[in-house]
Amino acid sequence: MRRWSSRLDPALLMLLIGPMMIFFAWGVTYSQLAKDRSRALIEGYREANGLSRSFAEQTLHRIDDIDQMLRVVRAAYLARGKDIDIDRLLRDAGFPEQRSIEVAILDAANRLAVGEASGSPEWLPATIPGGTVVDRTVVSTPLPARAGRPDALIVSRPILRPDGSFAGAVVAKVRPEQILSRLRRLNVGPMARQFGAVELGRDDIAAILGLDGRPRAALHGAVQVPAARLPSYQVFRRLNDGTVEKVPVPLVDVVPRLWSGGYLGDYRLIIVVGISRKDALVDYELHRRIYLIGSVAFTVGVGLLTILAAVLARRQKRTLQRLARSERQANELKSTFLAKISHDLRTPLNGILGFSELVKTTASEPEQRQYGEYIHDSSSHLLDLVNMILDLAKLRNGTLQLRLGDVDLRQVAQSVSRIHAIVAKQKGLGFRLDVAAGFPERVTCDGVRIREVLHNLLHNAVKFTRAGHVAVDLFLRDGQACVRVSDTGIGMTDEIKSRLFQPFSEGRDEASRALAGAGLGLAFSRELVALHGGAIEIESQEGAGTSVTFSIPVTGPGTARASAPVHASNEGSGHATRTDRR
């Protein structure tokens, strides 16, 4: 995961994330717009349905009034014959609109029998239907206006004798506005109580049609459509299930509408209402503009931020690359310096070691020999420090190579333990080496480096133990060869954790200051173990001793990770990870 994250270009990542955010935002916007549009259309169809129901109900009431007038006149004609006064009859029957509606009676030959017909009576023959006569009210197609006569509709009901024979018809000439006058403001039930009567919009249409699909009367907004402008062909049809369907005639009306309709079965009329789709989507269009403006603003903002972030990421990457090059150059200079200074220091140190060895062995006086021994020990320790610094620098620079081979760790442990067992015995400490059953005879590792690690751990254990014992245990765990060095020494405090494994960190308190070394041993040991693909685990409690365990793969570092983190485990609040004392 780290490898991929380090290879991924932050600028490219931003250029990918930005468009994805924009795409997601537009997807949400279009999804919400689709939902809002569907909701607006549903509300529009619901409103059109309510208007058509109200329109049909009020149209039915108006035609019922006219039909009742025709029934009264027909009943009087059948009872008294031609000896009737239609105006007086309707006035006495309580019809207030009888003066504005012309009512007449035609005989079986379509001649005027009772009443008056103003203007030319050419409309009279069209009132009597052909074929079998059915006793019901019929509304004719509209008669266009002519000189002296406005648009008119003929409403007729046949007159049948008691034997069922045709005796004529009662007809009424009605102006379309007399039917439509009450329909300009529609009472739509519960909506009217909340909003009052609903007026047809400027582009809304309410129309009355016959079963032939031809309009009888229509309102466009609040204005009556003249009969001469009404289509003379079918524009709607009634389906078998009773619903109404608009006939797709493009030339009739170019305004998109939401249509709803009903059927007046008693009069064989179709009622339709069409509300403008544009008006129904007014709120939706407002929301749509707001959504689009917001999405455009979001797109522009995210686009600018993406470009800015990409530019800054690219600049930061170049800065980091420049710093990395500088760090590599500094490490190379440091390694070169350490290599040269180590070589320069080794030459005089080897000379000091040779002459001190000579003084120690050839001096005649015991005191002089003691001085030579002191010089030799100090020079040896200084040479070890120089070598360790050089090796640690190689480790950090990645130039230190392991010389792997099949090594008997039991023999290495015994060899190192013999040296430190002598020092431990001189201090009065117990020393124990234990090899668990099943421990492998051969382990693939660098024997010299593992010897250095074990030497550092035993050196610290013996040096910081005043009483008790030091133990070395070899065992096998999860395919790892493990070596544990434990002691009953002074232990560690929690404060030591802050300087864990830091080079040149002494990791000691005031009581152990005199025993502290240069602080390189544990740091160097950790790097060597990690180079083998292993890890170091340290348990320590102040005043109760320390246990250090390192583990490496039995089959060599090629079967494990190239490097492993160091694990520090604490058994209670008093435990801490022990640092190097050397």
# chains A, B, ... in the order shown; residues from 1 in each chain; ligands from 1

call {"tool": "residues_around", "arguments": {"residues": "Leu528 of chain A", "least_positions_apart": "3", "cutoff": "8 Å", "atoms": "only C-alpha atoms", "output": "list in words"}}
result
Leu395, Arg449, Ile450, Val453, Phe524, Ser525, Leu531 and His532 of chain A

call {"tool": "write_last_selection", "arguments": {"atoms": "N, CA and C atoms", "output": "JSON list (two decimals), in the first residue's frame"}}
result
[["chain", "number", "residue", "atom", "x", "y", "z"],
["A", 395, "LEU", "N", 24.62, 0.80, 7.55],
["A", 395, "LEU", "CA", 23.26, 0.29, 7.66],
["A", 395, "LEU", "C", 22.24, 1.35, 7.25],
["A", 449, "ARG", "N", 27.56, -11.06, 12.46],
["A", 449, "ARG", "CA", 26.66, -9.99, 12.91],
["A", 449, "ARG", "C", 25.77, -10.46, 14.06],
["A", 450, "ILE", "N", 25.29, -11.70, 14.01],
["A", 450, "ILE", "CA", 24.47, -12.21, 15.10],
["A", 450, "ILE", "C", 25.30, -12.32, 16.38],
["A", 453, "VAL", "N", 25.32, -8.92, 17.90],
["A", 453, "VAL", "CA", 24.06, -8.62, 18.58],
["A", 453, "VAL", "C", 24.03, -9.30, 19.95],
["A", 524, "PHE", "N", 22.40, -0.36, 16.98],
["A", 524, "PHE", "CA", 23.10, -1.16, 15.98],
["A", 524, "PHE", "C", 22.52, -2.57, 15.93],
["A", 525, "SER", "N", 22.20, -3.13, 17.07],
["A", 525, "SER", "CA", 21.62, -4.48, 17.11],
["A", 525, "SER", "C", 20.26, -4.52, 16.42],
["A", 531, "LEU", "N", 17.76, -6.21, 9.38],
["A", 531, "LEU", "CA", 18.36, -6.58, 8.10],
["A", 531, "LEU", "C", 18.22, -8.08, 7.84],
["A", 532, "HIS", "N", 18.12, -8.87, 8.90],
["A", 532, "HIS", "CA", 17.90, -10.31, 8.77],
["A", 532, "HIS", "C", 16.41, -10.63, 8.58]]

call {"tool": "residues_around", "arguments": {"residues": "segment 220-223 of chain A", "least_positions_apart": "2", "cutoff": "7 Å", "atoms": "only C-alpha atoms", "output": "number ranges by chain"}}
result
A: 184, 200-206, 218, 225

call {"tool": "atom_distance", "arguments": {"atom1": "atom CA of Pro144 of chain A", "atom2": "atom CA of Arg175 of chain A"}}
result
10.6 Å

call {"tool": "select_by_dssp", "arguments": {"residues": "segment 150-389 of chain A", "states": "strand (DSSP E or B)", "output": "ChimeraX atom specification"}}
result
/A:152-160,166-174,185-186,198-199,205-210,215-220,223-224,236-238,244-246,257-264,269-276

call {"tool": "atom_distance", "arguments": {"atom1": "atom CA of Gln32 of chain A", "atom2": "atom CA of Leu292 of chain A"}}
result
11.1 Å

call {"tool": "select_by_dssp", "arguments": {"residues": "segment 203-293 of chain A", "states": "helix (DSSP H, G or I)", "output": "list in words"}}
result
Ala227, Ala228, Arg229, Arg277, Lys278, Asp279, Ala280, Val282, Asp283, Tyr284, Glu285, Leu286, His287, Arg288, Arg289, Ile290, Tyr291, Leu292 and Ile293 of chain A

call {"tool": "write_last_selection", "arguments": {"atoms": "C-alpha atoms", "output": "compact mmCIF listing (two decimals), in the first residue's frame"}}
result
# COMPACT_ATOMS: atom_id res chain seq x y z
CA ALA A 227 -67.72 28.76 -33.85
CA ALA A 228 -65.97 29.62 -37.10
CA ARG A 229 -62.60 28.85 -35.48
CA ARG A 277 -47.82 22.20 -19.57
CA LYS A 278 -45.71 25.33 -19.28
CA ASP A 279 -47.94 26.73 -16.53
CA ALA A 280 -47.96 23.39 -14.73
CA VAL A 282 -43.65 26.97 -13.54
CA ASP A 283 -42.40 25.98 -10.06
CA TYR A 284 -40.34 23.19 -11.55
CA GLU A 285 -38.66 25.59 -14.00
CA LEU A 286 -37.82 27.93 -11.12
CA HIS A 287 -36.26 25.05 -9.15
CA ARG A 288 -34.52 23.87 -12.30
CA ARG A 289 -32.85 27.24 -12.81
CA ILE A 290 -31.77 27.30 -9.18
CA TYR A 291 -30.36 23.76 -9.40
CA LEU A 292 -28.54 24.48 -12.64
CA ILE A 293 -27.06 27.73 -11.35

call {"tool": "residues_around", "arguments": {"residues": "Ala172 of chain A", "least_positions_apart": "2", "cutoff": "6 Å", "atoms": "only C-alpha atoms", "output": "PyMOL selection string"}}
result
chain A and resi 102-103+154-155

call {"tool": "residues_around", "arguments": {"residues": "segment 545-558 of chain A", "least_positions_apart": "2", "cutoff": "8 Å", "atoms": "only C-alpha atoms", "output": "PyMOL selection string"}}
result
chain A and resi 404+440+442-445+457+461+465+479-492+529+531-543+560-562+578

call {"tool": "write_last_selection", "arguments": {"atoms": "N, CA and C atoms", "output": "tab-separated table (two decimals), in the first residue's frame"}}
result
chain	number	residue	atom	x	y	z
A	404	LEU	N	25.53	-14.28	4.32
A	404	LEU	CA	24.65	-15.33	4.82
A	404	LEU	C	25.30	-16.69	4.66
A	440	PRO	N	16.59	-25.51	15.81
A	440	PRO	CA	17.26	-26.00	14.60
A	440	PRO	C	18.78	-26.01	14.76
A	442	ARG	N	20.85	-25.63	12.24
A	442	ARG	CA	21.42	-24.64	11.34
A	442	ARG	C	20.38	-23.54	11.08
A	443	VAL	N	20.84	-22.30	11.09
A	443	VAL	CA	20.02	-21.13	10.79
A	443	VAL	C	20.75	-20.31	9.74
A	444	THR	N	20.04	-19.91	8.69
A	444	THR	CA	20.65	-19.11	7.64
A	444	THR	C	20.75	-17.66	8.11
A	445	CYS	N	21.96	-17.18	8.34
A	445	CYS	CA	22.17	-15.82	8.82
A	445	CYS	C	23.64	-15.46	8.65
A	457	LEU	N	23.89	-7.56	23.79
A	457	LEU	CA	22.83	-7.83	24.76
A	457	LEU	C	23.38	-8.40	26.05
A	461	ALA	N	23.38	-6.83	29.87
A	461	ALA	CA	22.75	-7.59	30.95
A	461	ALA	C	23.71	-7.75	32.14
A	465	THR	N	23.46	-5.59	36.02
A	465	THR	CA	22.92	-6.51	37.03
A	465	THR	C	23.89	-6.54	38.21
A	479	GLY	N	8.33	-20.63	13.27
A	479	GLY	CA	9.31	-20.64	12.19
A	479	GLY	C	10.43	-19.65	12.38
A	480	GLN	N	10.54	-19.05	13.57
A	480	GLN	CA	11.58	-18.07	13.85
A	480	GLN	C	12.52	-18.63	14.91
A	481	ALA	N	13.80	-18.44	14.68
A	481	ALA	CA	14.80	-18.79	15.70
A	481	ALA	C	14.91	-17.62	16.67
A	482	CYS	N	14.61	-17.88	17.97
A	482	CYS	CA	14.54	-16.82	18.97
A	482	CYS	C	15.65	-17.00	20.01
A	483	VAL	N	16.23	-15.87	20.42
A	483	VAL	CA	17.26	-15.84	21.46
A	483	VAL	C	16.82	-14.80	22.49
A	484	ARG	N	16.68	-15.26	23.75
A	484	ARG	CA	16.25	-14.36	24.80
A	484	ARG	C	17.37	-14.20	25.81
A	485	VAL	N	17.70	-12.93	26.15
A	485	VAL	CA	18.69	-12.60	27.17
A	485	VAL	C	17.94	-11.89	28.29
A	486	SER	N	17.90	-12.48	29.46
A	486	SER	CA	17.17	-11.91	30.60
A	486	SER	C	18.10	-11.74	31.79
A	487	ASP	N	17.76	-10.75	32.62
A	487	ASP	CA	18.59	-10.49	33.80
A	487	ASP	C	17.69	-10.03	34.93
A	488	THR	N	18.27	-9.91	36.10
A	488	THR	CA	17.57	-9.42	37.30
A	488	THR	C	18.16	-8.08	37.72
A	489	GLY	N	18.51	-7.26	36.72
A	489	GLY	CA	19.20	-6.00	37.01
A	489	GLY	C	18.26	-4.87	37.38
A	490	ILE	N	18.70	-3.64	37.07
A	490	ILE	CA	18.01	-2.45	37.56
A	490	ILE	C	16.74	-2.14	36.76
A	491	GLY	N	16.56	-2.73	35.60
A	491	GLY	CA	15.34	-2.51	34.82
A	491	GLY	C	15.28	-1.14	34.17
A	492	MET	N	14.08	-0.76	33.74
A	492	MET	CA	13.88	0.48	32.99
A	492	MET	C	12.69	1.25	33.55
A	529	VAL	N	19.32	-6.95	13.22
A	529	VAL	CA	18.22	-7.92	13.28
A	529	VAL	C	17.19	-7.62	12.19
A	531	LEU	N	17.76	-6.21	9.38
A	531	LEU	CA	18.36	-6.58	8.10
A	531	LEU	C	18.22	-8.08	7.84
A	532	HIS	N	18.12	-8.87	8.90
A	532	HIS	CA	17.90	-10.31	8.77
A	532	HIS	C	16.41	-10.63	8.58
A	533	GLY	N	15.54	-9.62	8.60
A	533	GLY	CA	14.10	-9.87	8.50
A	533	GLY	C	13.48	-10.22	9.82
A	534	GLY	N	14.12	-9.87	10.94
A	534	GLY	CA	13.61	-10.21	12.26
A	534	GLY	C	13.18	-8.99	13.05
A	535	ALA	N	12.99	-9.18	14.35
A	535	ALA	CA	12.51	-8.10	15.22
A	535	ALA	C	13.04	-8.32	16.62
A	536	ILE	N	13.03	-7.24	17.40
A	536	ILE	CA	13.46	-7.29	18.80
A	536	ILE	C	12.27	-6.94	19.68
A	537	GLU	N	12.03	-7.75	20.71
A	537	GLU	CA	10.98	-7.49	21.69
A	537	GLU	C	11.63	-7.32	23.05
A	538	ILE	N	11.26	-6.24	23.73
A	538	ILE	CA	11.91	-5.92	25.00
A	538	ILE	C	10.86	-5.74	26.07
A	539	GLU	N	11.06	-6.41	27.21
A	539	GLU	CA	10.21	-6.26	28.37
A	539	GLU	C	11.08	-5.84	29.55
A	540	SER	N	10.60	-4.81	30.26
A	540	SER	CA	11.42	-4.33	31.37
A	540	SER	C	10.54	-3.67	32.41
A	541	GLN	N	10.91	-3.86	33.67
A	541	GLN	CA	10.22	-3.21	34.77
A	541	GLN	C	11.27	-2.67	35.74
A	542	GLU	N	11.10	-1.46	36.16
A	542	GLU	CA	12.11	-0.82	37.01
A	542	GLU	C	12.30	-1.63	38.29
A	543	GLY	N	13.57	-2.00	38.54
A	543	GLY	CA	13.92	-2.76	39.73
A	543	GLY	C	13.66	-4.24	39.62
A	560	ALA	N	11.21	-13.59	4.58
A	560	ALA	CA	10.44	-12.66	5.42
A	560	ALA	C	10.55	-11.28	4.83
A	561	ARG	N	10.07	-10.34	5.56
A	561	ARG	CA	10.15	-8.96	5.11
A	561	ARG	C	11.60	-8.47	5.13
A	562	ALA	N	11.89	-7.50	4.29
A	562	ALA	CA	13.24	-6.94	4.24
A	562	ALA	C	13.59	-6.25	5.53
A	578	ARG	N	13.66	-1.32	26.92
A	578	ARG	CA	15.01	-0.98	27.38
A	578	ARG	C	15.87	-0.50	26.22

call {"tool": "residues_around", "arguments": {"residues": "Met20 of chain A", "least_positions_apart": "4", "cutoff": "12 Å", "atoms": "only C-alpha atoms", "output": "list in words"}}
result
Leu13, Met14, Leu15, Leu16, Phe24, Ala25, Trp26, Gly27, Thr299, Val302, Gly303 and Thr306 of chain A

call {"tool": "residues_around", "arguments": {"residues": "Gln414 of chain A", "least_positions_apart": "3", "cutoff": "12 Å", "atoms": "only C-alpha atoms", "output": "short mmCIF file (atom, residue, chain, number, x, y, z; two decimals) with N, CA, C and O atoms, in the first residue's frame"}}
result
data_model
loop_
_atom_site.label_atom_id
_atom_site.label_comp_id
_atom_site.auth_asym_id
_atom_site.auth_seq_id
_atom_site.Cartn_x
_atom_site.Cartn_y
_atom_site.Cartn_z
N ASP A 408 25.42 -22.44 13.13
CA ASP A 408 24.92 -23.13 14.32
C ASP A 408 24.82 -22.09 15.45
O ASP A 408 25.84 -21.74 16.07
N LEU A 409 23.62 -21.58 15.67
CA LEU A 409 23.44 -20.53 16.69
C LEU A 409 23.75 -21.06 18.08
O LEU A 409 24.12 -20.27 18.97
N ARG A 410 23.60 -22.37 18.31
CA ARG A 410 23.91 -22.91 19.63
C ARG A 410 25.41 -22.74 19.94
O ARG A 410 25.80 -22.34 21.05
N GLN A 411 26.23 -22.99 18.94
CA GLN A 411 27.67 -22.84 19.13
C GLN A 411 28.03 -21.36 19.30
O GLN A 411 28.88 -21.01 20.14
N SER A 417 28.71 -16.76 25.34
CA SER A 417 28.36 -16.90 26.76
C SER A 417 29.57 -17.19 27.61
O SER A 417 29.65 -16.75 28.78
N ARG A 418 30.54 -17.94 27.09
CA ARG A 418 31.73 -18.26 27.88
C ARG A 418 32.49 -16.99 28.27
O ARG A 418 33.00 -16.86 29.38
N ILE A 419 32.54 -16.02 27.34
CA ILE A 419 33.25 -14.77 27.64
C ILE A 419 32.54 -14.01 28.75
O ILE A 419 33.17 -13.56 29.72
N HIS A 420 31.25 -13.85 28.65
CA HIS A 420 30.51 -13.05 29.62
C HIS A 420 30.24 -13.80 30.90
O HIS A 420 29.98 -13.18 31.95
N ALA A 421 30.25 -15.13 30.84
CA ALA A 421 30.06 -15.90 32.08
C ALA A 421 31.20 -15.65 33.05
O ALA A 421 31.02 -15.64 34.28
N PHE A 431 24.88 -17.52 35.94
CA PHE A 431 24.81 -17.44 34.49
C PHE A 431 24.30 -18.79 33.97
O PHE A 431 24.79 -19.85 34.39
N ARG A 432 23.29 -18.72 33.06
CA ARG A 432 22.68 -19.94 32.57
C ARG A 432 22.45 -19.83 31.07
O ARG A 432 22.00 -18.80 30.57
N LEU A 433 22.76 -20.92 30.33
CA LEU A 433 22.47 -21.05 28.90
C LEU A 433 21.58 -22.26 28.71
O LEU A 433 21.96 -23.37 29.11
N ASP A 434 20.40 -22.06 28.08
CA ASP A 434 19.43 -23.14 27.91
C ASP A 434 18.98 -23.17 26.45
O ASP A 434 18.55 -22.14 25.91
N VAL A 435 19.09 -24.34 25.81
CA VAL A 435 18.65 -24.53 24.43
C VAL A 435 17.43 -25.43 24.45
O VAL A 435 17.52 -26.59 24.93
N ARG A 451 26.58 -12.66 16.21
CA ARG A 451 27.47 -12.70 17.37
C ARG A 451 27.58 -11.30 18.00
O ARG A 451 27.59 -11.16 19.23
N LEU A 454 24.32 -10.58 19.96
CA LEU A 454 24.30 -11.31 21.23
C LEU A 454 25.32 -10.76 22.21
O LEU A 454 25.07 -10.67 23.43
N HIS A 455 26.50 -10.38 21.71
CA HIS A 455 27.53 -9.79 22.57
C HIS A 455 27.03 -8.48 23.20
O HIS A 455 27.24 -8.26 24.41
N LEU A 458 24.33 -9.35 25.95
CA LEU A 458 24.91 -9.93 27.17
C LEU A 458 25.78 -8.91 27.91
O LEU A 458 25.81 -8.90 29.16
N ALA A 471 20.52 -14.97 32.11
CA ALA A 471 20.16 -16.21 31.44
C ALA A 471 20.06 -15.98 29.93
O ALA A 471 19.62 -14.90 29.48
N VAL A 472 20.45 -17.01 29.17
CA VAL A 472 20.32 -17.01 27.72
C VAL A 472 19.49 -18.23 27.32
O VAL A 472 19.85 -19.36 27.70
N ASP A 473 18.37 -18.00 26.59
CA ASP A 473 17.49 -19.09 26.18
C ASP A 473 17.35 -19.06 24.66
O ASP A 473 17.10 -18.01 24.05
N LEU A 474 17.50 -20.24 24.05
CA LEU A 474 17.31 -20.40 22.61
C LEU A 474 16.10 -21.29 22.39
O LEU A 474 16.02 -22.39 22.96
#

call {"tool": "atom_distance", "arguments": {"atom1": "atom CA of Ile66 of chain A", "atom2": "atom CA of Leu211 of chain A"}}
result
19.8 Å
